[in-house]
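Okay, model.cif now, which holds mmCIF, C-alpha atoms:
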data_entry
loop_
_atom_site.label_atom_id
_atom_site.label_comp_id
_atom_site.auth_asym_id
_atom_site.auth_seq_id
_atom_site.Cartn_x
_atom_site.Cartn_y
_atom_site.Cartn_z
CA MET U 1 7.47 -36.93 -64.47
CA THR U 2 8.43 -34.35 -67.08
CA ALA U 3 6.38 -31.25 -67.77
CA THR U 4 5.37 -32.78 -71.08
CA ASP U 5 4.10 -35.88 -69.31
CA THR U 6 2.17 -33.72 -66.88
CA LEU U 7 0.50 -31.88 -69.74
CA ALA U 8 -0.22 -35.12 -71.56
CA SER U 9 -2.12 -36.37 -68.52
CA MET U 10 -4.49 -33.37 -68.51
CA PHE U 11 -7.90 -33.70 -70.07
CA ILE U 12 -7.63 -30.51 -72.08
CA PHE U 13 -4.72 -31.99 -74.02
CA LYS U 14 -6.47 -35.22 -74.86
CA GLY U 15 -5.61 -36.08 -78.45
CA VAL U 16 -2.75 -33.58 -78.65
CA SER U 17 0.52 -35.08 -79.86
CA LYS U 18 3.50 -35.32 -77.56
CA SER U 19 5.58 -33.32 -80.04
CA ALA U 20 3.12 -30.42 -79.81
CA LEU U 21 3.29 -30.54 -76.02
CA GLN U 22 7.08 -30.70 -76.12
CA GLU U 23 7.15 -27.69 -78.40
CA ILE U 24 4.97 -25.69 -76.02
CA CYS U 25 7.13 -26.69 -73.05
CA SER U 26 10.27 -25.66 -74.88
CA MET U 27 8.80 -22.30 -75.87
CA ALA U 28 7.26 -21.63 -72.47
CA PRO U 29 8.93 -23.75 -69.81
CA PRO U 30 6.53 -24.27 -66.87
CA VAL U 31 7.24 -22.10 -63.84
CA ASN U 32 7.19 -23.37 -60.25
CA PHE U 33 5.74 -21.51 -57.27
CA LYS U 34 6.37 -22.47 -53.65
CA PRO U 35 3.47 -22.49 -51.19
CA GLY U 36 2.59 -18.97 -50.05
CA VAL U 37 4.33 -17.25 -52.93
CA THR U 38 2.36 -14.49 -54.65
CA VAL U 39 1.91 -15.32 -58.32
CA PHE U 40 0.61 -11.85 -59.08
CA ASN U 41 -0.98 -8.93 -57.26
CA GLN U 42 -4.27 -7.18 -57.78
CA GLY U 43 -3.65 -4.02 -59.75
CA ASP U 44 -0.49 -5.30 -61.44
CA GLU U 45 -0.05 -4.53 -65.10
CA SER U 46 0.33 -7.73 -67.04
CA ASP U 47 -0.23 -9.53 -70.28
CA VAL U 48 0.32 -13.09 -69.14
CA ALA U 49 -2.25 -15.79 -68.45
CA LEU U 50 -1.48 -18.96 -66.51
CA LEU U 51 -2.58 -22.52 -66.97
CA LEU U 52 -2.21 -24.40 -63.70
CA ILE U 53 -0.71 -27.80 -64.44
CA ASP U 54 0.08 -28.87 -60.88
CA GLY U 55 -0.84 -27.72 -57.36
CA LYS U 56 -3.47 -25.24 -56.25
CA LEU U 57 -3.76 -21.45 -56.26
CA GLY U 58 -5.86 -19.14 -54.12
CA VAL U 59 -7.58 -16.00 -55.34
CA GLU U 60 -8.07 -12.93 -53.17
CA VAL U 61 -9.78 -9.66 -53.90
CA SER U 62 -9.32 -6.43 -51.99
CA SER U 63 -12.29 -4.13 -51.82
CA ALA U 64 -13.85 -1.77 -49.36
CA GLY U 65 -10.60 -1.98 -47.42
CA GLN U 66 -10.90 -5.68 -46.84
CA HIS U 67 -9.50 -8.86 -48.31
CA ARG U 68 -11.71 -11.63 -49.44
CA GLU U 69 -10.76 -15.11 -50.52
CA VAL U 70 -12.99 -15.57 -53.49
CA GLY U 71 -11.91 -18.88 -54.90
CA GLN U 72 -9.31 -21.42 -55.75
CA ILE U 73 -7.70 -22.41 -59.00
CA ASN U 74 -7.36 -26.12 -59.59
CA VAL U 75 -5.30 -28.07 -62.08
CA GLY U 76 -6.48 -27.49 -65.63
CA GLU U 77 -7.89 -24.04 -64.92
CA ILE U 78 -6.71 -20.85 -66.56
CA VAL U 79 -6.26 -17.62 -64.70
CA GLY U 80 -5.52 -14.09 -65.87
CA GLU U 81 -6.81 -14.46 -69.40
CA THR U 82 -8.47 -11.05 -69.35
CA ALA U 83 -5.04 -9.44 -69.26
CA LEU U 84 -4.23 -11.09 -72.57
CA PHE U 85 -7.46 -10.82 -74.47
CA ALA U 86 -9.26 -7.73 -73.23
CA ARG U 87 -8.43 -4.07 -73.02
CA GLY U 88 -7.04 -2.67 -69.78
CA GLY U 89 -4.92 -5.57 -68.68
CA LYS U 90 -4.64 -4.92 -64.95
CA ARG U 91 -4.92 -7.82 -62.56
CA SER U 92 -8.29 -7.84 -60.87
CA ALA U 93 -7.22 -10.15 -58.04
CA THR U 94 -4.23 -11.38 -56.13
CA VAL U 95 -3.27 -14.99 -56.75
CA ARG U 96 -1.09 -17.01 -54.39
CA ALA U 97 0.19 -20.54 -54.42
CA LEU U 98 -1.66 -22.60 -51.81
CA GLN U 99 0.51 -25.59 -52.54
CA SER U 100 3.68 -26.20 -54.44
CA SER U 101 2.40 -25.33 -57.91
CA GLN U 102 3.46 -25.37 -61.53
CA CYS U 103 2.06 -23.13 -64.24
CA LEU U 104 2.38 -22.73 -67.95
CA LEU U 105 2.73 -19.03 -68.73
CA ILE U 106 0.84 -17.90 -71.79
CA ASN U 107 2.02 -14.59 -73.14
CA ARG U 108 1.74 -12.73 -76.41
CA ASP U 109 4.99 -14.14 -77.70
CA LEU U 110 3.70 -17.66 -77.25
CA LEU U 111 0.39 -16.78 -78.90
CA ASP U 112 2.24 -15.23 -81.82
CA ASN U 113 4.85 -17.92 -82.27
CA ALA U 114 2.82 -21.03 -81.54
CA ALA U 115 -0.51 -20.08 -83.09
CA LYS U 116 -0.66 -23.32 -85.08
CA ASN U 117 0.48 -25.56 -82.25
CA ASP U 118 -2.24 -28.07 -81.34
CA ALA U 119 -1.55 -27.74 -77.63
CA LEU U 120 -2.08 -23.98 -77.76
CA ILE U 121 -5.22 -24.48 -79.83
CA ALA U 122 -6.46 -26.87 -77.14
CA ILE U 123 -5.77 -24.27 -74.46
CA GLU U 124 -7.67 -21.60 -76.39
CA ARG U 125 -10.64 -23.91 -76.98
CA HIS U 126 -10.65 -24.77 -73.30
CA LEU U 127 -10.65 -21.07 -72.52
CA LEU U 128 -13.63 -20.48 -74.82
CA ALA U 129 -15.67 -23.13 -73.03
CA THR U 130 -14.61 -21.84 -69.63
CA LEU U 131 -15.59 -18.27 -70.44
CA ALA U 132 -18.95 -19.31 -71.85
CA ARG U 133 -19.70 -21.30 -68.72
CA ARG U 134 -18.72 -18.41 -66.44
CA ILE U 135 -20.91 -15.96 -68.36
CA ARG U 136 -23.94 -18.26 -68.22
CA ARG U 137 -23.46 -18.71 -64.52
CA THR U 138 -23.06 -14.98 -63.96
CA ASN U 139 -26.19 -14.21 -65.97
CA GLN U 140 -28.16 -16.74 -63.94
CA GLU U 141 -26.90 -15.29 -60.70
CA THR U 142 -27.73 -11.78 -61.88
CA ALA U 143 -31.30 -12.77 -62.60
CA LYS U 144 -31.58 -14.41 -59.19
CA LEU U 145 -30.12 -11.37 -57.47
CA TRP U 146 -32.46 -9.08 -59.27
CA LYS U 147 -35.47 -11.05 -58.13
CA GLU U 148 -34.08 -11.16 -54.63
CA PHE U 149 -33.43 -7.44 -54.45
CA GLY U 150 -36.69 -6.63 -56.14
CA MET U 151 -38.46 -7.89 -53.06
CA GLN U 152 -36.40 -5.81 -50.69
CA GLU U 153 -36.66 -2.21 -49.60
CA ALA U 154 -35.39 0.48 -51.91
CA PRO U 155 -31.74 1.36 -51.41
CA THR U 156 -31.01 4.42 -49.35
CA SER U 157 -28.56 6.34 -51.49
CA ALA U 158 -29.64 8.38 -54.47
CA ALA U 159 -27.00 6.78 -56.64
CA SER U 160 -28.12 3.30 -55.69
CA SER U 161 -31.71 4.22 -56.17
CA GLY U 162 -31.01 5.40 -59.70
CA PHE U 163 -29.11 2.29 -60.52
CA VAL U 164 -31.79 -0.01 -59.18
CA THR U 165 -34.50 1.95 -60.94
CA LYS U 166 -32.71 1.28 -64.17
CA LEU U 167 -32.55 -2.38 -63.27
CA LYS U 168 -36.24 -2.45 -62.57
CA LYS U 169 -36.91 -0.93 -65.94
CA LEU U 170 -34.73 -3.58 -67.49
CA PHE U 171 -36.11 -6.60 -65.74
CA GLY U 172 -39.56 -5.40 -64.91
CA GLY U 173 -39.16 -6.25 -61.26
CA GLY U 174 -40.13 -4.23 -58.26
CA MET V 1 -24.70 -18.92 -101.55
CA GLN V 2 -24.07 -15.20 -101.34
CA ARG V 3 -20.81 -14.00 -99.83
CA ILE V 4 -20.15 -10.65 -98.24
CA SER V 5 -18.78 -8.13 -100.72
CA PRO V 6 -15.03 -7.41 -100.52
CA ALA V 7 -15.75 -3.80 -99.63
CA ASP V 8 -18.12 -4.72 -96.81
CA ALA V 9 -15.77 -7.43 -95.55
CA ASP V 10 -12.92 -4.96 -95.46
CA ARG V 11 -15.01 -2.34 -93.65
CA LEU V 12 -16.44 -4.77 -91.11
CA ALA V 13 -13.13 -6.51 -90.44
CA LYS V 14 -11.39 -3.20 -89.76
CA ARG V 15 -14.13 -2.17 -87.34
CA ILE V 16 -13.96 -5.49 -85.52
CA VAL V 17 -10.21 -5.25 -85.11
CA SER V 18 -10.48 -1.71 -83.79
CA HIS V 19 -13.23 -2.79 -81.39
CA HIS V 20 -11.45 -5.81 -79.95
CA SER V 21 -7.81 -6.08 -79.08
CA PHE V 22 -6.51 -9.62 -79.18
CA PRO V 23 -3.21 -11.27 -80.07
CA GLY V 24 -2.85 -11.85 -83.77
CA ALA V 25 -5.73 -9.57 -84.64
CA SER V 26 -5.65 -8.38 -88.23
CA HIS V 27 -8.39 -7.25 -90.49
CA ALA V 28 -7.13 -9.56 -93.23
CA ALA V 29 -7.58 -12.55 -90.93
CA ILE V 30 -11.09 -11.46 -89.95
CA GLU V 31 -11.94 -11.02 -93.62
CA ARG V 32 -11.03 -14.66 -94.14
CA VAL V 33 -13.41 -15.61 -91.36
CA LEU V 34 -16.20 -13.58 -92.94
CA ASN V 35 -15.61 -15.27 -96.27
CA HIS V 36 -16.48 -18.63 -94.72
CA GLY V 37 -20.01 -17.46 -94.02
CA GLU V 38 -23.13 -16.69 -96.01
CA LEU V 39 -24.49 -13.19 -96.37
CA GLN V 40 -28.15 -13.13 -95.45
CA HIS V 41 -30.75 -10.35 -95.52
CA PHE V 42 -33.62 -10.06 -93.07
CA ASP V 43 -36.66 -7.81 -93.10
CA HIS V 44 -37.78 -5.74 -90.17
CA GLY V 45 -39.27 -7.86 -87.42
CA THR V 46 -37.65 -11.13 -88.43
CA THR V 47 -36.36 -13.22 -85.54
CA LEU V 48 -32.80 -14.35 -86.22
CA CYS V 49 -32.55 -16.40 -83.06
CA GLY V 50 -35.06 -17.12 -80.34
CA GLU V 51 -34.58 -17.33 -76.58
CA SER V 52 -34.44 -20.93 -75.30
CA GLN V 53 -34.02 -22.25 -78.84
CA PRO V 54 -31.01 -24.31 -79.90
CA GLY V 55 -28.23 -22.23 -81.41
CA ASN V 56 -26.68 -23.61 -84.55
CA GLU V 57 -25.00 -20.55 -85.99
CA LEU V 58 -23.32 -17.31 -85.06
CA PHE V 59 -23.81 -13.97 -86.75
CA PHE V 60 -21.65 -11.04 -87.76
CA LEU V 61 -23.79 -7.95 -88.04
CA VAL V 62 -22.84 -6.24 -91.29
CA ARG V 63 -25.55 -3.63 -91.61
CA GLY V 64 -28.62 -2.55 -89.66
CA ASN V 65 -29.83 -2.91 -86.11
CA ILE V 66 -30.76 -5.91 -84.00
CA THR V 67 -33.08 -5.67 -81.03
CA VAL V 68 -32.24 -8.03 -78.18
CA LEU V 69 -35.13 -9.23 -76.05
CA ARG V 70 -35.42 -11.43 -73.04
CA LYS V 71 -38.47 -12.75 -71.27
CA GLY V 72 -39.25 -10.98 -68.02
CA GLY V 73 -40.72 -12.48 -64.91
CA ASP V 74 -44.23 -12.14 -66.33
CA GLY V 75 -43.28 -14.03 -69.47
CA THR V 76 -43.40 -11.08 -71.84
CA ASP V 77 -40.46 -10.10 -74.03
CA ARG V 78 -38.53 -7.11 -72.79
CA VAL V 79 -36.09 -5.15 -74.90
CA ILE V 80 -32.73 -5.23 -73.23
CA SER V 81 -30.56 -3.80 -75.97
CA ASP V 82 -29.95 -2.88 -79.56
CA MET V 83 -26.89 -4.05 -81.44
CA THR V 84 -25.19 -2.27 -84.27
CA CYS V 85 -22.19 -3.02 -86.43
CA PRO V 86 -19.60 -4.27 -85.53
CA ASN V 87 -21.03 -7.04 -83.46
CA VAL V 88 -20.79 -10.80 -83.19
CA PHE V 89 -23.77 -12.50 -81.63
CA GLY V 90 -25.17 -15.96 -81.14
CA HIS V 91 -21.75 -17.39 -80.37
CA MET V 92 -22.39 -18.55 -76.80
CA SER V 93 -24.74 -21.33 -77.86
CA VAL V 94 -22.43 -22.43 -80.62
CA ILE V 95 -19.51 -22.63 -78.22
CA ASP V 96 -21.14 -24.48 -75.35
CA GLY V 97 -24.13 -26.11 -76.99
CA SER V 98 -26.64 -24.46 -74.68
CA VAL V 99 -29.85 -22.78 -75.80
CA ARG V 100 -30.07 -19.14 -76.78
CA SER V 101 -30.15 -16.80 -73.81
CA ALA V 102 -32.04 -14.06 -75.66
CA THR V 103 -34.07 -13.33 -78.76
CA CYS V 104 -32.47 -11.28 -81.55
CA ARG V 105 -34.85 -9.54 -83.93
CA ALA V 106 -34.22 -7.35 -86.96
CA ASN V 107 -35.03 -3.72 -86.27
CA GLY V 108 -35.31 -2.52 -89.84
CA PRO V 109 -33.59 -4.29 -92.72
CA VAL V 110 -30.54 -6.22 -91.62
CA GLU V 111 -27.56 -7.88 -93.27
CA VAL V 112 -25.57 -10.51 -91.42
CA VAL V 113 -22.86 -13.02 -92.22
CA VAL V 114 -24.00 -16.37 -90.87
CA LEU V 115 -21.44 -18.96 -89.78
CA PRO V 116 -23.03 -22.38 -89.22
CA ARG V 117 -21.96 -24.44 -86.25
CA GLN V 118 -20.04 -26.98 -88.32
CA ILE V 119 -17.89 -24.24 -89.85
CA VAL V 120 -17.34 -22.59 -86.47
CA ASP V 121 -16.40 -25.93 -84.93
CA ARG V 122 -13.96 -26.61 -87.72
CA LEU V 123 -12.37 -23.17 -87.68
CA ILE V 124 -11.86 -22.99 -83.93
CA SER V 125 -10.16 -26.37 -84.03
CA GLU V 126 -7.56 -25.50 -86.62
CA GLY V 127 -4.41 -23.44 -86.89
CA SER V 128 -5.33 -21.64 -90.09
CA VAL V 129 -5.27 -17.86 -90.20
CA ALA V 130 -9.06 -17.76 -90.10
CA GLY V 131 -9.19 -20.34 -87.33
CA VAL V 132 -6.81 -18.45 -85.07
CA ALA V 133 -8.61 -15.17 -85.74
CA LEU V 134 -12.08 -16.54 -85.02
CA ARG V 135 -10.99 -18.37 -81.88
CA ARG V 136 -9.27 -15.32 -80.43
CA LEU V 137 -12.00 -12.91 -81.48
CA LEU V 138 -14.52 -15.04 -79.62
CA ILE V 139 -12.27 -15.26 -76.56
CA ALA V 140 -11.85 -11.48 -76.56
CA SER V 141 -15.56 -10.95 -76.93
CA LEU V 142 -16.32 -13.34 -74.07
CA CYS V 143 -13.69 -11.72 -71.84
CA ASP V 144 -15.40 -8.36 -72.36
CA GLN V 145 -18.79 -9.85 -71.63
CA LEU V 146 -17.57 -11.55 -68.49
CA SER V 147 -15.88 -8.43 -67.18
CA HIS V 148 -19.05 -6.45 -67.65
CA ALA V 149 -21.20 -9.17 -66.16
CA ASN V 150 -19.03 -9.49 -63.08
CA GLY V 151 -18.87 -5.75 -62.62
CA PHE V 152 -22.61 -5.54 -62.91
CA VAL V 153 -23.19 -8.20 -60.28
CA ARG V 154 -20.69 -6.70 -57.93
CA LYS V 155 -22.21 -3.28 -58.34
CA LEU V 156 -25.65 -4.66 -57.72
CA VAL V 157 -24.57 -6.36 -54.54
CA LEU V 158 -22.56 -3.43 -53.26
CA ASP V 159 -25.38 -1.02 -53.98
CA HIS V 160 -27.59 -3.05 -51.74
CA SER V 161 -24.99 -3.68 -49.09
CA GLY V 162 -24.49 0.00 -48.31
CA LEU V 163 -20.76 -0.66 -48.10
CA PRO V 164 -18.54 2.26 -49.04
CA GLU V 165 -16.29 1.90 -52.04
CA THR V 166 -12.71 2.41 -50.98
CA PRO V 167 -9.56 2.24 -53.03
CA THR V 168 -8.01 -1.15 -53.41
CA THR V 169 -5.10 -1.53 -51.03
CA PRO V 170 -3.60 -4.98 -51.20
CA THR V 171 -2.08 -6.08 -47.92
CA PRO V 172 -0.31 -9.28 -46.93
CA SER V 173 -2.56 -12.26 -46.63
CA THR V 174 -1.72 -12.58 -42.95
CA SER V 175 -3.67 -9.39 -42.28
CA LYS V 176 -6.90 -10.60 -43.82
CA GLU V 177 -9.95 -9.59 -41.89
CA SER V 178 -13.07 -11.59 -41.56
CA LEU V 179 -16.14 -9.97 -42.99
CA PRO V 180 -18.41 -8.48 -40.39
CA SER V 181 -21.93 -8.83 -41.68
CA SER V 182 -24.11 -11.50 -43.16
CA HIS V 183 -24.52 -9.35 -46.24
CA ASP V 184 -20.79 -9.23 -46.71
CA GLU V 185 -20.77 -12.94 -46.22
CA SER V 186 -23.32 -13.39 -48.96
CA LEU V 187 -21.24 -11.12 -51.18
CA ARG V 188 -18.19 -13.26 -50.55
CA THR V 189 -20.13 -16.42 -51.25
CA LEU V 190 -21.64 -14.99 -54.37
CA THR V 191 -18.34 -13.73 -55.67
CA ALA V 192 -16.75 -17.07 -55.03
CA LYS V 193 -19.59 -18.86 -56.78
CA LEU V 194 -19.24 -16.63 -59.78
CA GLY V 195 -15.50 -16.78 -59.96
CA GLY V 196 -16.18 -13.10 -60.04
CA TRP V 197 -12.79 -11.69 -59.38
CA ASP V 198 -12.19 -10.80 -62.99
CA THR V 199 -13.34 -7.24 -62.62
CA ASN V 200 -11.39 -4.68 -60.70
CA LEU V 201 -13.56 -3.13 -58.03
CA GLN V 202 -11.93 0.19 -58.67
CA ASP V 203 -13.69 0.21 -62.01
CA LEU V 204 -17.13 0.18 -60.48
CA ASP V 205 -17.76 3.89 -60.71
CA GLU V 206 -16.97 3.67 -64.36
CA LEU V 207 -19.07 0.57 -64.69
CA GLU V 208 -22.10 2.29 -63.25
CA LYS V 209 -21.84 4.81 -66.03
CA GLU V 210 -21.06 2.29 -68.70
CA VAL V 211 -22.61 -1.03 -67.86
CA GLU V 212 -26.33 -1.31 -67.87
CA PHE V 213 -26.69 -4.98 -68.58
CA VAL V 214 -24.59 -8.03 -68.77
CA MET V 215 -24.62 -9.21 -72.34
CA ASP V 216 -22.63 -6.89 -74.48
CA GLU V 217 -21.16 -3.45 -74.30
CA ASP V 218 -23.03 -2.41 -77.42
CA GLN V 219 -26.20 -2.60 -75.41
CA LYS V 220 -25.09 0.47 -73.51
CA ARG V 221 -26.07 2.68 -76.38
CA THR V 222 -29.62 1.46 -76.40
CA LEU V 223 -29.97 1.83 -72.69
CA ASP V 224 -28.57 5.32 -72.73
CA ALA V 225 -31.09 6.28 -75.37
CA ARG V 226 -33.91 4.60 -73.49
CA TYR V 227 -33.21 6.30 -70.19
CA ARG V 228 -32.76 9.67 -71.81
CA SER V 229 -36.22 9.27 -73.24
#

What's the structure tokens form of this structure?
Amino acid sequence: MTATDTLASMFIFKGVSKSALQEICSMAPPVNFKPGVTVFNQGDESDVALLLIDGKLGVEVSSAGQHREVGQINVGEIVGETALFARGGKRSATVRALQSSQCLLINRDLLDNAAKNDALIAIERHLLATLARRIRRTNQETAKLWKEFGMQEAPTSAASSGFVTKLKKLFGGG
Amino acid sequence: MQRISPADADRLAKRIVSHHSFPGASHAAIERVLNHGELQHFDHGTTLCGESQPGNELFFLVRGNITVLRKGGDGTDRVISDMTCPNVFGHMSVIDGSVRSATCRANGPVEVVVLPRQIVDRLISEGSVAGVALRRLLIASLCDQLSHANGFVRKLVLDHSGLPETPTTPTPSTSKESLPSSHDESLRTLTAKLGGWDTNLQDLDELEKEVEFVMDEDQKRTLDARYRS
């Protein structure tokens, strides 16, 4: 199966012409990652996002001196978009290939040179929907957390106390 | 239908481009977006969009202030922010078809450019200059929102966990440690549920200073003012 065929089978490219997919593949040939290979590291400078078109990726975050596996990237998902579209483009997580994987790399050159390509438009629309869904989910979880913490004892540190006091003012909890 | 004046479009577009950095950003392209919408004026106290209501348009704030409110646990509206120019709001509902997450009310006289859903849908589906600009402006705006939201959640959880913040030191995956406490476990679960790895934990100190709520960075100004008072 060619990379174009792989893209054509993905739901986000439904209705996109094969010529548009071929153009994208010729401008940004998909990149393969063997299992265990690090795709990028937390803290790396970068301006590339990836669309996973085959395989599976794992996401790890280092904090408080520890590593946490925080999720997996499945086919059709985009990772690293913040580096492209927001200020301060450092990677916020380490991403590794969990399986033999193939990604389409989306960089500024592609965005500049293929702005009218229907496949790229489909990717950007998919990204819009993905971001909106993530924000809704995060807002819901924030509200839940606030209620949960509002019923608990006050935090011990002065800094935490100040922060939570602000939250209580915001949400009216306590 | 009244359009935004060329002078206002030029001013607003330049401010938007300086506020957001996204590929292909140009004030001329943003001006084209603004010219697809209708300029509308609202008096003080007018509700432009209401929480839990369907959202059929997005707004570019041209002039004035918008108060953002959300219902608290007791059902009363609570002010969570003010928005000033430049700001795009109301776009989440237009993008995903969900209801409004907050109420936006004019605080004093307000001018906005209104883009109805059908125009937004058309623009974000096409490769025109305006279409590319709108699509990428919205992506950039959502990326900012998500980063702030994730940072806020992580800060909230870490504040309550009592865990120290230490510098990020990536190590090979083979040296991963299991998390010791149930609270850490809940943090890991929560972070996984949120897909919340978009925000660098090293930014949390900065986030505590900057991020007071999850919707939009412009809300920081209001909160700063509120807590000073």

Requested in this report: In the coordinates of the file, take the point (-5.5, -29.8, -72.2) and a cut-off of 9 Å; then, counting all atoms listed in the file, name each qualifying protein, DNA or RNA residue as a list in words.
Outcome: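 So the residues meeting the distance criterion are Leu7, Ala8, Ser9, Met10, Phe11, Ile12, Phe13, Lys14, Gly15, Val16, Gly76, Ala119, Leu120, Ala122, Ile123 and His126 of chain U.
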
Query raised in the report: If the PyMOL selection byres ((chain V and resi 100-110) around 9) is run on the structure shown, which residues does it catch, given as a VMD selection string?
Result: (chain U and resid 136) or (chain V and resid 40 to 55 61 to 71 77 82 89 to 90 92 to 93 98 to 99 111 to 112)

Print the selection's residues with C-alpha atoms to a file, as an mmCIF file, keeping the file's coordinate frame.
data_model
loop_
_atom_site.group_PDB
_atom_site.id
_atom_site.type_symbol
_atom_site.label_atom_id
_atom_site.label_comp_id
_atom_site.auth_asym_id
_atom_site.auth_seq_id
_atom_site.Cartn_x
_atom_site.Cartn_y
_atom_site.Cartn_z
ATOM 1 C CA ARG U 136 -23.940 -18.260 -68.220
ATOM 2 C CA GLN V 40 -28.150 -13.130 -95.450
ATOM 3 C CA HIS V 41 -30.750 -10.350 -95.520
ATOM 4 C CA PHE V 42 -33.620 -10.060 -93.070
ATOM 5 C CA ASP V 43 -36.660 -7.810 -93.100
ATOM 6 C CA HIS V 44 -37.780 -5.740 -90.170
ATOM 7 C CA GLY V 45 -39.270 -7.860 -87.420
ATOM 8 C CA THR V 46 -37.650 -11.130 -88.430
ATOM 9 C CA THR V 47 -36.360 -13.220 -85.540
ATOM 10 C CA LEU V 48 -32.800 -14.350 -86.220
ATOM 11 C CA CYS V 49 -32.550 -16.400 -83.060
ATOM 12 C CA GLY V 50 -35.060 -17.120 -80.340
ATOM 13 C CA GLU V 51 -34.580 -17.330 -76.580
ATOM 14 C CA SER V 52 -34.440 -20.930 -75.300
ATOM 15 C CA GLN V 53 -34.020 -22.250 -78.840
ATOM 16 C CA PRO V 54 -31.010 -24.310 -79.900
ATOM 17 C CA GLY V 55 -28.230 -22.230 -81.410
ATOM 18 C CA LEU V 61 -23.790 -7.950 -88.040
ATOM 19 C CA VAL V 62 -22.840 -6.240 -91.290
ATOM 20 C CA ARG V 63 -25.550 -3.630 -91.610
ATOM 21 C CA GLY V 64 -28.620 -2.550 -89.660
ATOM 22 C CA ASN V 65 -29.830 -2.910 -86.110
ATOM 23 C CA ILE V 66 -30.760 -5.910 -84.000
ATOM 24 C CA THR V 67 -33.080 -5.670 -81.030
ATOM 25 C CA VAL V 68 -32.240 -8.030 -78.180
ATOM 26 C CA LEU V 69 -35.130 -9.230 -76.050
ATOM 27 C CA ARG V 70 -35.420 -11.430 -73.040
ATOM 28 C CA LYS V 71 -38.470 -12.750 -71.270
ATOM 29 C CA ASP V 77 -40.460 -10.100 -74.030
ATOM 30 C CA ASP V 82 -29.950 -2.880 -79.560
ATOM 31 C CA PHE V 89 -23.770 -12.500 -81.630
ATOM 32 C CA GLY V 90 -25.170 -15.960 -81.140
ATOM 33 C CA MET V 92 -22.390 -18.550 -76.800
ATOM 34 C CA SER V 93 -24.740 -21.330 -77.860
ATOM 35 C CA SER V 98 -26.640 -24.460 -74.680
ATOM 36 C CA VAL V 99 -29.850 -22.780 -75.800
ATOM 37 C CA GLU V 111 -27.560 -7.880 -93.270
ATOM 38 C CA VAL V 112 -25.570 -10.510 -91.420
#

Requested in this report: Please write the residues picked by the PyMOL selection byres ((chain U and resi 88-103) around 6) on this file as a ChimeraX atom specification.
Outcome: /U:30-46,50-61,83,87,104 /V:197-200

Report task. Could you state which residues are captured by the PyMOL selection byres ((chain U) within 7 of (chain V)) in this file, as number ranges by chain? Result -> U: 42, 61-68, 70-71, 82, 85-87, 92-93, 108, 111-112, 115-116, 121, 128-129, 131-132, 134-135, 137-139, 142, 155, 160, 170-172

Report task. Please work out which residues fall within 7 Å of (-3.0, -16.0, -67.2), coordinates as given in the file, with all atoms listed in the file counting, and return them as a ChimeraX atom specification. Result -> /U:48-51,78-81,105-106

Query raised in the report: In Å, how far is it from atom CA of His27 of chain V to atom CA of Pro116 of chain V?
Result: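 Value for the atom CA of His27 of chain V-atom CA of Pro116 of chain V distance: 21.1 Å.
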
Query raised in the report: Just how far from atom CA of Leu39 of chain V is atom CA of Gln2 of chain V, in Å to one decimal?
Result: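 About the pair atom CA of Gln2 of chain V and atom CA of Leu39 of chain V: they are 5.4 Å apart.
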
Report task. Quote the spacing between atom CA of Ala114 of chain U and atom CA of Leu84 of chain U in Å to one decimal place. Result -> 15.1 Å
